[in-house]
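Data file: my_file.cif. Format and content: mmCIF, C-alpha atoms.
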```cif
data_query
#
loop_
_atom_site.label_atom_id
_atom_site.label_comp_id
_atom_site.auth_asym_id
_atom_site.auth_seq_id
_atom_site.Cartn_x
_atom_site.Cartn_y
_atom_site.Cartn_z
CA MET A 22 -31.64 -7.54 38.46
CA SER A 23 -32.93 -9.43 35.46
CA ALA A 24 -32.01 -13.03 34.72
CA PRO A 25 -29.02 -13.51 32.52
CA ARG A 26 -29.81 -14.09 28.85
CA CYS A 27 -27.68 -17.20 28.87
CA GLY A 28 -30.39 -18.96 30.88
CA HIS A 29 -32.35 -19.34 27.65
CA VAL A 30 -29.74 -21.65 26.23
CA ARG A 31 -30.99 -24.53 28.31
CA THR A 32 -34.64 -24.37 27.32
CA SER A 33 -35.97 -26.64 24.61
CA ALA A 34 -38.76 -24.35 23.47
CA PRO A 35 -38.45 -22.54 20.14
CA ARG A 36 -36.59 -19.35 20.68
CA ARG A 37 -34.80 -16.57 18.95
CA GLU A 38 -31.03 -16.68 18.78
CA ASN A 39 -29.52 -14.68 21.59
CA ALA A 40 -26.12 -13.44 22.66
CA CYS A 41 -25.13 -16.75 24.26
CA ASP A 42 -25.89 -18.69 21.08
CA GLU A 43 -23.70 -16.31 19.17
CA ILE A 44 -20.83 -16.70 21.59
CA ALA A 45 -21.11 -20.48 21.58
CA ARG A 46 -21.22 -20.52 17.78
CA THR A 47 -18.18 -18.35 17.35
CA ARG A 48 -16.17 -20.60 19.63
CA ILE A 49 -16.42 -23.38 17.10
CA ARG A 50 -16.11 -21.19 14.02
CA PRO A 51 -14.11 -23.11 11.44
CA PHE A 52 -10.85 -21.62 10.28
CA VAL A 53 -11.26 -20.18 6.80
CA SER A 54 -8.37 -18.69 4.94
CA ALA A 55 -8.87 -15.10 3.82
CA ALA A 56 -8.41 -14.11 0.21
CA SER A 57 -4.79 -14.86 -0.50
CA PHE A 58 -2.46 -13.34 -3.02
CA ARG A 59 -0.56 -16.59 -3.36
CA ILE A 60 -2.08 -17.50 -6.69
CA GLU A 61 0.01 -18.94 -9.47
CA VAL A 62 -0.78 -17.51 -12.90
CA PRO A 63 -0.43 -20.05 -15.74
CA GLU A 64 2.55 -19.31 -17.95
CA THR A 65 0.36 -19.47 -21.05
CA THR A 66 -1.87 -16.73 -19.62
CA LEU A 67 1.16 -14.61 -18.80
CA ALA A 68 2.54 -15.09 -22.30
CA ARG A 69 -0.75 -13.96 -23.85
CA ALA A 70 -0.93 -11.02 -21.47
CA ARG A 71 2.60 -9.96 -22.45
CA ARG A 72 1.41 -9.79 -26.04
CA GLY A 73 -1.39 -7.46 -24.97
CA ASP A 74 -4.22 -10.01 -25.17
CA LEU A 75 -7.08 -8.27 -23.38
CA GLY A 76 -8.74 -11.59 -22.48
CA ALA A 77 -5.59 -12.74 -20.69
CA LEU A 78 -5.30 -9.42 -18.90
CA GLU A 79 -8.86 -9.82 -17.67
CA GLN A 80 -8.15 -13.35 -16.49
CA ILE A 81 -5.26 -12.03 -14.42
CA TYR A 82 -7.38 -9.20 -13.10
CA ARG A 83 -10.15 -11.62 -12.09
CA LEU A 84 -7.68 -13.86 -10.27
CA PHE A 85 -6.49 -11.03 -8.09
CA GLU A 86 -9.35 -8.57 -7.79
CA ARG A 87 -10.60 -9.93 -4.46
CA PRO A 88 -7.27 -10.26 -2.64
CA ALA A 89 -6.14 -6.89 -3.98
CA TYR A 90 -9.33 -5.13 -2.97
CA THR A 91 -9.49 -6.85 0.40
CA LEU A 92 -5.93 -5.79 1.22
CA ALA A 93 -6.57 -2.19 0.15
CA LEU A 94 -9.85 -2.08 2.04
CA ARG A 95 -8.30 -3.38 5.25
CA MET A 96 -5.46 -0.88 5.03
CA LEU A 97 -7.48 2.17 4.05
CA GLY A 98 -10.79 1.42 5.75
CA ASP A 99 -12.72 3.12 2.95
CA ALA A 100 -14.41 1.33 0.06
CA GLU A 101 -14.01 4.08 -2.52
CA ALA A 102 -10.37 4.72 -1.65
CA ALA A 103 -9.72 0.97 -1.84
CA ARG A 104 -11.41 0.81 -5.23
CA GLU A 105 -9.30 3.64 -6.61
CA THR A 106 -6.17 2.06 -5.16
CA VAL A 107 -6.88 -1.27 -6.83
CA HIS A 108 -7.66 0.47 -10.10
CA ASP A 109 -4.34 2.35 -10.06
CA ALA A 110 -2.37 -0.71 -8.97
CA MET A 111 -3.93 -2.99 -11.57
CA LEU A 112 -3.42 -0.47 -14.33
CA ARG A 113 0.20 -0.06 -13.36
CA LEU A 114 0.71 -3.82 -13.27
CA LEU A 115 -1.11 -4.66 -16.48
CA GLU A 116 0.61 -1.91 -18.43
CA ARG A 117 4.01 -3.25 -17.42
CA ILE A 118 3.30 -6.91 -17.65
CA GLY A 119 5.52 -7.12 -20.73
CA GLN A 120 8.48 -6.33 -18.52
CA PHE A 121 7.78 -9.18 -16.11
CA ARG A 122 10.28 -11.98 -16.68
CA GLY A 123 8.90 -14.54 -14.27
CA ASP A 124 11.93 -14.84 -11.99
CA ALA A 125 9.85 -13.84 -8.94
CA PRO A 126 6.27 -14.71 -8.02
CA PHE A 127 3.80 -12.67 -10.00
CA TRP A 128 1.51 -12.31 -6.98
CA GLY A 129 4.36 -10.84 -4.95
CA TRP A 130 4.86 -8.14 -7.54
CA LEU A 131 1.18 -7.23 -7.61
CA ARG A 132 0.83 -7.32 -3.84
CA GLN A 133 3.77 -4.98 -3.46
CA ILE A 134 2.22 -2.54 -5.89
CA VAL A 135 -1.09 -2.58 -4.02
CA VAL A 136 0.65 -2.03 -0.69
CA ASN A 137 2.71 0.83 -2.13
CA GLU A 138 -0.35 2.48 -3.63
CA ALA A 139 -2.25 2.19 -0.36
CA LEU A 140 0.65 3.51 1.70
CA MET A 141 1.07 6.40 -0.70
CA ARG A 142 -2.57 7.28 -0.23
CA LEU A 143 -2.13 7.15 3.54
CA ARG A 144 0.96 9.35 3.33
CA ARG A 145 -1.00 11.97 1.43
CA GLU A 146 -3.44 12.08 4.33
CA ARG A 147 -0.90 13.13 6.89
CA SER A 148 -3.41 13.56 9.68
CA VAL A 149 -4.22 9.89 9.35
CA VAL A 150 -0.63 8.72 9.08
CA PHE A 151 0.52 10.43 12.20
CA GLU A 152 -2.36 9.26 14.30
CA ALA A 153 -0.68 6.47 16.21
CA LEU A 154 -1.64 4.60 19.31
CA PRO A 155 0.41 6.00 22.19
CA ASP A 156 0.19 3.38 24.90
CA ASP A 157 -1.19 -0.06 25.52
CA ASP A 158 -4.71 0.27 26.82
CA GLY A 159 -5.60 -3.33 27.42
CA ALA A 160 -3.91 -6.14 29.24
CA PRO A 161 -4.29 -9.81 28.32
CA GLY A 162 -6.55 -11.64 30.73
CA ALA A 163 -6.56 -15.26 31.73
CA GLY A 164 -9.27 -16.40 29.29
CA PRO A 165 -9.22 -16.82 25.56
CA PRO A 166 -8.38 -13.67 23.59
CA PRO A 167 -11.53 -11.76 22.63
CA TRP A 168 -10.88 -12.04 18.90
CA ALA A 169 -11.26 -15.79 19.26
CA LEU A 170 -14.80 -15.20 20.50
CA ALA A 171 -15.86 -12.29 18.33
CA ASP A 172 -17.74 -12.76 15.09
CA ALA A 173 -16.57 -11.25 11.82
CA LYS A 174 -18.76 -8.15 12.10
CA GLN A 175 -17.51 -7.37 15.59
CA LEU A 176 -13.89 -7.80 14.56
CA GLU A 177 -14.38 -5.67 11.43
CA ARG A 178 -15.99 -2.91 13.48
CA ALA A 179 -13.12 -2.98 15.96
CA LEU A 180 -10.56 -2.90 13.14
CA GLU A 181 -12.26 0.13 11.64
CA ARG A 182 -11.76 1.98 14.91
CA LEU A 183 -7.98 1.60 14.80
CA PRO A 184 -5.88 4.40 13.29
CA ALA A 185 -5.22 3.68 9.62
CA LEU A 186 -1.50 3.18 9.94
CA THR A 187 -1.85 0.91 12.97
CA ARG A 188 -4.49 -1.14 11.19
CA SER A 189 -2.29 -1.38 8.08
CA VAL A 190 0.75 -2.54 10.02
CA LEU A 191 -1.35 -5.06 11.94
CA TRP A 192 -2.81 -6.45 8.71
CA LEU A 193 0.49 -6.57 6.84
CA PHE A 194 2.09 -8.45 9.71
CA HIS A 195 -0.66 -10.87 10.71
CA VAL A 196 -2.35 -11.59 7.39
CA GLU A 197 0.12 -10.82 4.63
CA GLU A 198 3.01 -12.12 6.73
CA TYR A 199 5.41 -9.30 6.05
CA THR A 200 8.24 -9.15 8.56
CA HIS A 201 8.76 -6.16 10.81
CA GLU A 202 11.85 -5.33 8.78
CA GLU A 203 9.86 -5.32 5.56
CA ILE A 204 7.08 -3.22 7.08
CA ALA A 205 9.64 -0.75 8.40
CA ALA A 206 11.17 -0.43 4.94
CA MET A 207 7.81 0.05 3.26
CA THR A 208 6.49 2.62 5.70
CA GLY A 209 9.76 4.48 6.13
CA LYS A 210 9.60 3.86 9.87
CA SER A 211 11.74 1.82 12.24
CA VAL A 212 11.48 -1.86 13.07
CA SER A 213 10.54 -0.97 16.63
CA PHE A 214 7.75 1.22 15.31
CA SER A 215 6.34 -1.73 13.40
CA LYS A 216 6.59 -3.97 16.46
CA SER A 217 4.96 -1.42 18.71
CA GLN A 218 2.10 -0.82 16.30
CA VAL A 219 1.40 -4.55 16.09
CA ALA A 220 1.43 -4.82 19.89
CA ARG A 221 -0.62 -1.71 20.48
CA GLY A 222 -3.05 -2.52 17.72
CA ALA A 223 -3.67 -5.92 19.28
CA SER A 224 -4.03 -4.33 22.67
CA ARG A 225 -6.58 -1.83 21.37
CA LEU A 226 -8.50 -4.60 19.61
CA ARG A 227 -8.56 -6.51 22.87
CA ALA A 228 -10.00 -3.51 24.67
CA LEU A 229 -12.60 -2.96 21.96
CA LEU A 230 -13.67 -6.59 21.87
CA GLU A 231 -13.48 -7.47 25.54
CA PRO A 232 -16.76 -9.18 26.42
CA ASN A 233 -18.91 -7.50 29.01
CA GLU A 234 -19.77 -9.17 32.31
CA GLU A 235 -22.92 -10.78 31.01
CA ASP A 236 -21.10 -12.40 28.10
CA ALA A 237 -18.45 -13.64 30.49
CA ARG A 238 -21.17 -15.40 32.50
CA CYS A 239 -22.44 -16.99 29.30
CA LEU A 240 -19.00 -18.27 28.50
CA ALA A 241 -18.69 -19.80 31.92
CA ALA A 242 -22.12 -21.42 31.55
CA THR A 243 -21.47 -22.91 28.10
CA ALA A 244 -18.03 -24.18 29.14
CA HIS A 245 -19.60 -26.62 31.62
CA MET B 2 8.52 -15.36 16.57
CA PRO B 3 5.51 -17.49 17.38
CA GLY B 4 3.59 -19.03 14.51
CA ARG B 5 0.89 -16.87 13.04
CA ASP B 6 -1.52 -19.41 11.69
CA GLY B 7 -2.46 -21.71 14.47
CA ALA B 8 -6.23 -21.73 14.75
CA LEU B 9 -5.89 -24.31 17.50
CA ASN B 10 -2.91 -22.56 19.02
CA PRO B 11 -3.88 -20.81 22.23
CA ASN B 12 -1.21 -18.17 21.61
CA PRO B 13 -3.16 -14.87 21.39
CA GLU B 14 -0.98 -13.62 18.56
CA ALA B 15 -1.59 -16.71 16.47
CA ALA B 16 -5.28 -16.53 17.33
CA LEU B 17 -5.38 -12.93 16.11
CA SER B 18 -3.73 -13.93 12.82
CA ALA B 19 -6.31 -16.67 12.39
CA ALA B 20 -9.23 -14.38 13.25
CA LEU B 21 -8.09 -11.67 10.83
CA ARG B 22 -7.56 -14.17 8.03
CA ALA B 23 -11.00 -15.59 8.62
CA LEU B 24 -12.64 -12.25 7.88
CA PRO B 25 -14.62 -12.31 4.64
CA ASP B 26 -12.97 -11.00 1.51
CA ALA B 27 -14.57 -8.50 -0.83
CA ALA B 28 -14.62 -7.39 -4.44
CA PRO B 29 -14.75 -3.83 -5.72
CA GLN B 30 -18.25 -2.62 -6.54
CA PRO B 31 -19.02 -1.67 -9.20
CA ASP B 32 -16.74 -3.88 -11.26
CA LEU B 33 -13.43 -2.21 -12.12
CA TRP B 34 -12.67 -4.24 -15.22
CA PRO B 35 -14.69 -2.25 -17.82
CA ALA B 36 -12.78 0.93 -16.95
CA LEU B 37 -9.45 -0.90 -16.89
CA ALA B 38 -10.17 -2.51 -20.26
CA ARG B 39 -10.90 0.88 -21.78
CA GLU B 40 -7.63 2.28 -20.46
CA LEU B 41 -5.60 -0.73 -21.51
CA ALA B 42 -6.98 -1.19 -25.01
CA PRO B 43 -5.97 1.92 -27.01
CA PRO B 44 -2.20 1.95 -27.58
CA ARG B 45 -2.03 5.72 -27.43
CA ARG B 46 -3.40 5.77 -23.91
CA ARG B 47 -1.10 2.99 -22.86
CA LEU B 48 1.87 5.04 -23.93
CA ARG B 49 0.43 8.03 -22.20
CA ARG B 50 0.30 6.16 -18.91
CA ALA B 51 3.77 4.66 -19.20
CA LEU B 52 5.44 7.11 -16.85
CA PRO B 53 2.77 9.00 -14.91
CA ALA B 54 5.27 10.24 -12.37
CA ALA B 55 7.42 11.67 -15.13
CA LEU B 56 4.48 13.47 -16.68
CA ALA B 57 3.43 14.94 -13.35
CA ALA B 58 7.00 15.99 -12.77
CA GLY B 59 7.13 17.65 -16.18
CA VAL B 60 4.11 19.76 -15.31
CA ALA B 61 5.57 20.61 -11.92
CA LEU B 62 8.87 21.57 -13.54
CA ALA B 63 7.19 23.80 -16.12
CA LEU B 64 5.14 25.53 -13.44
CA ALA B 65 8.15 25.99 -11.21
CA LEU B 66 10.25 27.49 -13.99
CA ALA B 67 7.46 29.79 -15.11
CA TYR B 68 6.87 30.90 -11.54
CA ARG B 69 10.53 31.70 -11.07
CA ALA B 70 10.82 33.52 -14.38
CA VAL B 71 7.93 35.97 -14.05
CA PRO B 72 9.16 38.29 -11.29
CA ARG B 73 12.72 38.49 -12.65
CA GLY B 74 12.29 40.70 -15.69
CA ASP B 75 10.33 41.70 -18.73
CA ALA B 76 11.10 38.67 -20.88
CA PRO B 77 8.09 36.50 -21.81
CA ALA B 78 7.54 33.56 -19.49
CA ALA B 79 7.87 31.11 -22.39
CA ALA B 80 11.49 32.15 -22.92
CA ALA B 81 12.44 31.62 -19.28
CA PRO B 82 13.13 27.86 -19.33
CA ALA B 83 15.57 28.25 -22.20
CA ALA B 84 17.36 31.07 -20.43
CA ILE B 85 17.66 29.07 -17.26
CA ALA B 86 18.80 26.04 -19.19
CA ALA B 87 21.54 28.06 -20.80
CA ALA B 88 22.95 29.35 -17.55
CA PRO B 89 21.84 27.58 -14.39
CA SER B 90 22.31 30.13 -11.68
CA SER B 91 21.41 28.28 -8.51
CA GLU B 92 21.30 24.84 -7.01
CA LEU B 93 17.56 24.79 -7.60
CA ASP B 94 18.03 25.46 -11.31
CA ARG B 95 20.71 22.80 -11.58
CA LEU B 96 18.51 20.28 -9.80
CA GLN B 97 15.58 21.00 -12.09
CA LEU B 98 17.73 20.61 -15.20
CA ARG B 99 19.26 17.44 -13.87
CA SER B 100 15.79 16.12 -13.06
CA GLN B 101 14.62 16.87 -16.58
CA ALA B 102 17.65 15.17 -18.13
CA LEU B 103 17.16 12.09 -15.98
CA GLU B 104 13.51 11.86 -16.97
CA HIS B 105 14.43 11.91 -20.65
CA ARG B 106 16.95 9.16 -20.05
CA ILE B 107 14.54 7.03 -18.05
CA ALA B 108 11.79 7.45 -20.64
CA GLY B 109 14.14 5.91 -23.18
CA LEU B 110 14.86 2.94 -20.93
CA ALA B 111 11.31 2.25 -19.79
CA GLN B 112 10.61 -0.77 -22.00
CA THR B 113 13.75 -2.71 -21.10
CA PRO B 114 12.88 -6.11 -19.59
CA GLN B 115 13.85 -6.27 -15.94
CA GLU B 116 14.39 -8.69 -13.12
CA GLY B 117 11.35 -9.01 -10.89
CA ARG B 118 13.13 -7.51 -7.90
CA ASP B 119 14.31 -4.52 -9.94
CA LEU B 120 10.84 -4.03 -11.28
CA MET B 121 9.40 -3.90 -7.76
CA ALA B 122 12.08 -1.45 -6.67
CA ALA B 123 11.43 0.72 -9.71
CA VAL B 124 7.71 0.83 -8.98
CA GLU B 125 8.37 1.80 -5.39
CA ILE B 126 10.75 4.58 -6.41
CA GLU B 127 8.19 5.93 -8.90
CA ASP B 128 5.66 5.99 -6.06
CA LEU B 129 8.07 8.01 -3.96
CA ILE B 130 8.71 10.40 -6.85
CA GLY B 131 4.96 10.85 -7.15
CA LEU B 132 4.82 11.70 -3.46
CA VAL B 133 7.63 14.26 -3.84
CA ASP B 134 5.69 15.82 -6.72
CA VAL B 135 2.63 16.13 -4.52
CA GLN B 136 4.76 17.90 -1.93
CA LEU B 137 6.34 20.12 -4.57
CA ASP B 138 2.91 21.24 -5.68
CA ALA B 139 2.29 22.38 -2.13
CA ALA B 140 5.72 23.99 -1.60
CA ARG B 141 5.43 27.70 -0.82
CA GLY B 142 8.84 28.89 -1.92
CA ASP B 143 12.39 27.96 -2.87
CA ASP B 144 13.28 27.07 0.71
CA ASP B 145 10.53 24.47 0.74
CA ALA B 146 11.23 23.28 -2.77
CA LEU B 147 15.02 22.86 -2.62
CA PRO B 148 15.16 19.76 -0.37
CA LEU B 149 12.32 18.24 -2.35
CA TRP B 150 14.15 18.74 -5.63
CA ARG B 151 17.22 17.12 -4.05
CA GLN B 152 15.09 14.14 -3.09
CA ARG B 153 13.56 14.03 -6.54
CA VAL B 154 16.92 13.98 -8.30
CA ALA B 155 18.25 11.33 -5.92
CA LEU B 156 15.21 9.16 -6.57
CA LEU B 157 15.48 9.63 -10.33
CA GLU B 158 19.14 8.65 -10.16
CA ASP B 159 18.16 5.51 -8.28
CA LEU B 160 15.51 4.79 -10.86
CA ALA B 161 17.89 5.38 -13.76
CA THR B 162 20.44 3.11 -12.10
CA ILE B 163 17.90 0.32 -11.78
CA ARG B 164 16.54 0.78 -15.27
CA GLY B 165 19.71 1.36 -17.22
CA GLY B 166 22.67 0.40 -15.12
CA ALA B 167 24.96 2.68 -13.17
CA TYR B 168 27.76 2.60 -15.72
CA ALA B 169 25.62 3.86 -18.58
CA LEU B 170 24.26 6.65 -16.40
CA ALA B 171 27.70 7.73 -15.22
CA VAL B 172 29.04 7.92 -18.78
CA ALA B 173 26.10 9.82 -20.17
CA GLU B 174 25.45 12.22 -17.30
CA PRO B 175 28.49 13.18 -15.21
CA ARG B 176 27.15 13.99 -11.79
CA ASP B 177 26.88 17.61 -10.88
CA ALA B 178 29.07 18.41 -7.90
CA GLY B 179 26.20 20.18 -6.20
CA LEU B 180 23.83 17.26 -6.25
CA VAL B 181 23.10 14.77 -3.53
CA PRO B 182 24.42 11.24 -4.03
CA ALA B 183 22.21 8.58 -5.53
CA ALA B 184 22.20 6.51 -2.39
CA PRO B 185 19.06 4.53 -1.62
CA HIS B 186 16.67 7.14 -0.43
CA ARG B 187 13.42 7.08 1.46
CA MET B 188 10.90 9.74 2.25
CA ASN B 189 9.85 10.76 5.78
#
```
Spit out the file's structure as structure tokens when you get a sec.
Amino acid sequence: MSAPRCGHVRTSAPRRENACDEIARTRIRPFVSAASFRIEVPETTLARARRGDLGALEQIYRLFERPAYTLALRMLGDAEAARETVHDAMLRLLERIGQFRGDAPFWGWLRQIVVNEALMRLRRERSVVFEALPDDDGAPGAGPPPWALADAKQLERALERLPALTRSVLWLFHVEEYTHEEIAAMTGKSVSFSKSQVARGASRLRALLEPNEEDARCLAATAH
Amino acid sequence: MPGRDGALNPNPEAALSAALRALPDAAPQPDLWPALARELAPPRRRLRRALPAALAAGVALALALAYRAVPRGDAPAAAAPAAIAAAPSSELDRLQLRSQALEHRIAGLAQTPQEGRDLMAAVEIEDLIGLVDVQLDAARGDDDALPLWRQRVALLEDLATIRGGAYALAVAEPRDAGLVPAAPHRMN
């Protein structure tokens, strides 16, 4: 049996980064907020946009292009589909901006349109929509949850392996902070369906990200 | 419900929220704005995109009427919609005529300023109408199409209610006894 890779952590000689370094680094990863929709649009920009000023419309587009695309990409799991979704949602929003009276947050309106467009695309692909996770396949262990240790690439890869609807529900709940009631209304499913998809999605992520035995030894070594 | 944003919170659910939010964001590549600017700039195109669901529905309606007219007799297909309009003979015909009438009404109300909540609801209903139209395109016969046309009319009634107010709709278009009520309606 070969020596564990984590043994290299304690040498002072120049070395390449190994699995243990990565695990140790991710444990202290700073919290960074993902692209958020909660952006206030200046009233002057909105007023110009209502008059059809193309410059103002572009300003609004630029404010929201990243959060809109990120949301669509996380829900759909496909870059081209996400791009088309954002295009359709933005066009719909910018064409109707003259009807927006400002009594509700502008970002909330746009976000709802993006979610609706993405869900509509998922509904069209029925084989995707009805692929749901049947049962929990991972149980929480005693240590830290694996997503606290995984790097972004690992977590993205695991997310991509979830069924589209499960991934969408998980994202809408955890990142966009929709309630189960709101998710149920948007998807046309029940509240319990939303809750179960969040639980099962997390369970599947746990199973996909669970560190192997060697990584577990590294964790134990770096903890002391 | 436990908090969802506690990076220092050992709660696995909160940790998952934090981990997902920490994922990098992304921008569409290539840039979407040039295409959007082209579509937004010419007024004619803007008008053309004002009610995409209604346009799609118009095409679906025309196809459906033409399809139903051809096997019934020797009259030219172009004359069929007028004949059906003059004497609706089935629930399907009545639903299609009602749908058409509602679309005309909604098209006339489309530019009315709205409350933000109503606007969101209207957008969602239009999405659902678009989905019904997709399903209608794939319907294989009247048996498949009938429940979809019921849904379509119910959704259009909801949309007209939001856009123009229930009272105006009731005065202008007395509800056909054979139609489903305009209760909030959801697909699936």
May I ask for the distance between atom CA of Leu78 of chain A and atom CA of Asp99 of chain A, given in Å to one decimal place?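 One can read the atom CA of Leu78 of chain A to atom CA of Asp99 of chain A distance as 26.3 Å.
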Kindly determine which residues of chain A lie within 8 Å of chain B, considering all atoms listed in the file, and give the answer as a PyMOL selection string. chain A and resi 52-56+75+79+82+86-88+90-91+100+103-104+108+111-112+115-116+119-125+130+133-134+137-138+141+145+165-166+168-169+173+176-177+192+195-196+209+223
As a check of understanding, name the residues that the PyMOL selection byres ((chain B and resi 147) around 10) selects in the supplied structure, as a list of chain:residue names. B:Glu92, B:Leu93, B:Asp94, B:Leu96, B:Gln97, B:Leu137, B:Ala140, B:Gly142, B:Asp143, B:Asp144, B:Asp145, B:Ala146, B:Pro148, B:Leu149, B:Trp150, B:Arg151, B:Gln152, B:Arg153
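The space separating atom CA of Ser100 of chain B from atom CA of Ile118 of chain A comes to 26.6 Å.
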Taking all atoms listed in the file into account, which of A:Glu197, A:Phe127, A:Ile81, A:Pro167 comes nearest Ala93 of chain A?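 Counting all atoms listed in the file, the residue closest to Ala93 of chain A is A:Glu197.
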What lies within 7 Å of segment 57-65 of chain A using all atoms listed in the file, ignoring chain neighbours under 3 positions off, as a PyMOL selection string? chain A and resi 68-69+85+88+128+132
Rounded to one decimal place, report the atom CA of Arg188 of chain A-atom CA of Gly222 of chain A distance in Å.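 Taking atom CA of Arg188 of chain A as the start and atom CA of Gly222 of chain A as the end point, the length is 6.8 Å.
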All residues 12 Å or closer to Leu191 of chain A, all atoms listed in the file, same chain fewer than 6 positions away omitted, as a PyMOL selection string: (chain A and resi 92+95-96+180+183-185+197-201+204+214-226) or (chain B and resi 14+17-18+21-22)
Go ahead and dump the residues you just picked, C-alpha atoms, as a PDB file, in the frame of the given file.
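Generated file (result-v4.pdb):
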```
ATOM      1  CA  LEU A  92      -5.930  -5.790   1.220  1.00  0.00           C
ATOM      2  CA  ARG A  95      -8.300  -3.380   5.250  1.00  0.00           C
ATOM      3  CA  MET A  96      -5.460  -0.880   5.030  1.00  0.00           C
ATOM      4  CA  LEU A 180     -10.560  -2.900  13.140  1.00  0.00           C
ATOM      5  CA  LEU A 183      -7.980   1.600  14.800  1.00  0.00           C
ATOM      6  CA  PRO A 184      -5.880   4.400  13.290  1.00  0.00           C
ATOM      7  CA  ALA A 185      -5.220   3.680   9.620  1.00  0.00           C
ATOM      8  CA  GLU A 197       0.120 -10.820   4.630  1.00  0.00           C
ATOM      9  CA  GLU A 198       3.010 -12.120   6.730  1.00  0.00           C
ATOM     10  CA  TYR A 199       5.410  -9.300   6.050  1.00  0.00           C
ATOM     11  CA  THR A 200       8.240  -9.150   8.560  1.00  0.00           C
ATOM     12  CA  HIS A 201       8.760  -6.160  10.810  1.00  0.00           C
ATOM     13  CA  ILE A 204       7.080  -3.220   7.080  1.00  0.00           C
ATOM     14  CA  PHE A 214       7.750   1.220  15.310  1.00  0.00           C
ATOM     15  CA  SER A 215       6.340  -1.730  13.400  1.00  0.00           C
ATOM     16  CA  LYS A 216       6.590  -3.970  16.460  1.00  0.00           C
ATOM     17  CA  SER A 217       4.960  -1.420  18.710  1.00  0.00           C
ATOM     18  CA  GLN A 218       2.100  -0.820  16.300  1.00  0.00           C
ATOM     19  CA  VAL A 219       1.400  -4.550  16.090  1.00  0.00           C
ATOM     20  CA  ALA A 220       1.430  -4.820  19.890  1.00  0.00           C
ATOM     21  CA  ARG A 221      -0.620  -1.710  20.480  1.00  0.00           C
ATOM     22  CA  GLY A 222      -3.050  -2.520  17.720  1.00  0.00           C
ATOM     23  CA  ALA A 223      -3.670  -5.920  19.280  1.00  0.00           C
ATOM     24  CA  SER A 224      -4.030  -4.330  22.670  1.00  0.00           C
ATOM     25  CA  ARG A 225      -6.580  -1.830  21.370  1.00  0.00           C
ATOM     26  CA  LEU A 226      -8.500  -4.600  19.610  1.00  0.00           C
TER      27      LEU A 226
ATOM     28  CA  GLU B  14      -0.980 -13.620  18.560  1.00  0.00           C
ATOM     29  CA  LEU B  17      -5.380 -12.930  16.110  1.00  0.00           C
ATOM     30  CA  SER B  18      -3.730 -13.930  12.820  1.00  0.00           C
ATOM     31  CA  LEU B  21      -8.090 -11.670  10.830  1.00  0.00           C
ATOM     32  CA  ARG B  22      -7.560 -14.170   8.030  1.00  0.00           C
TER      33      ARG B  22
END
```
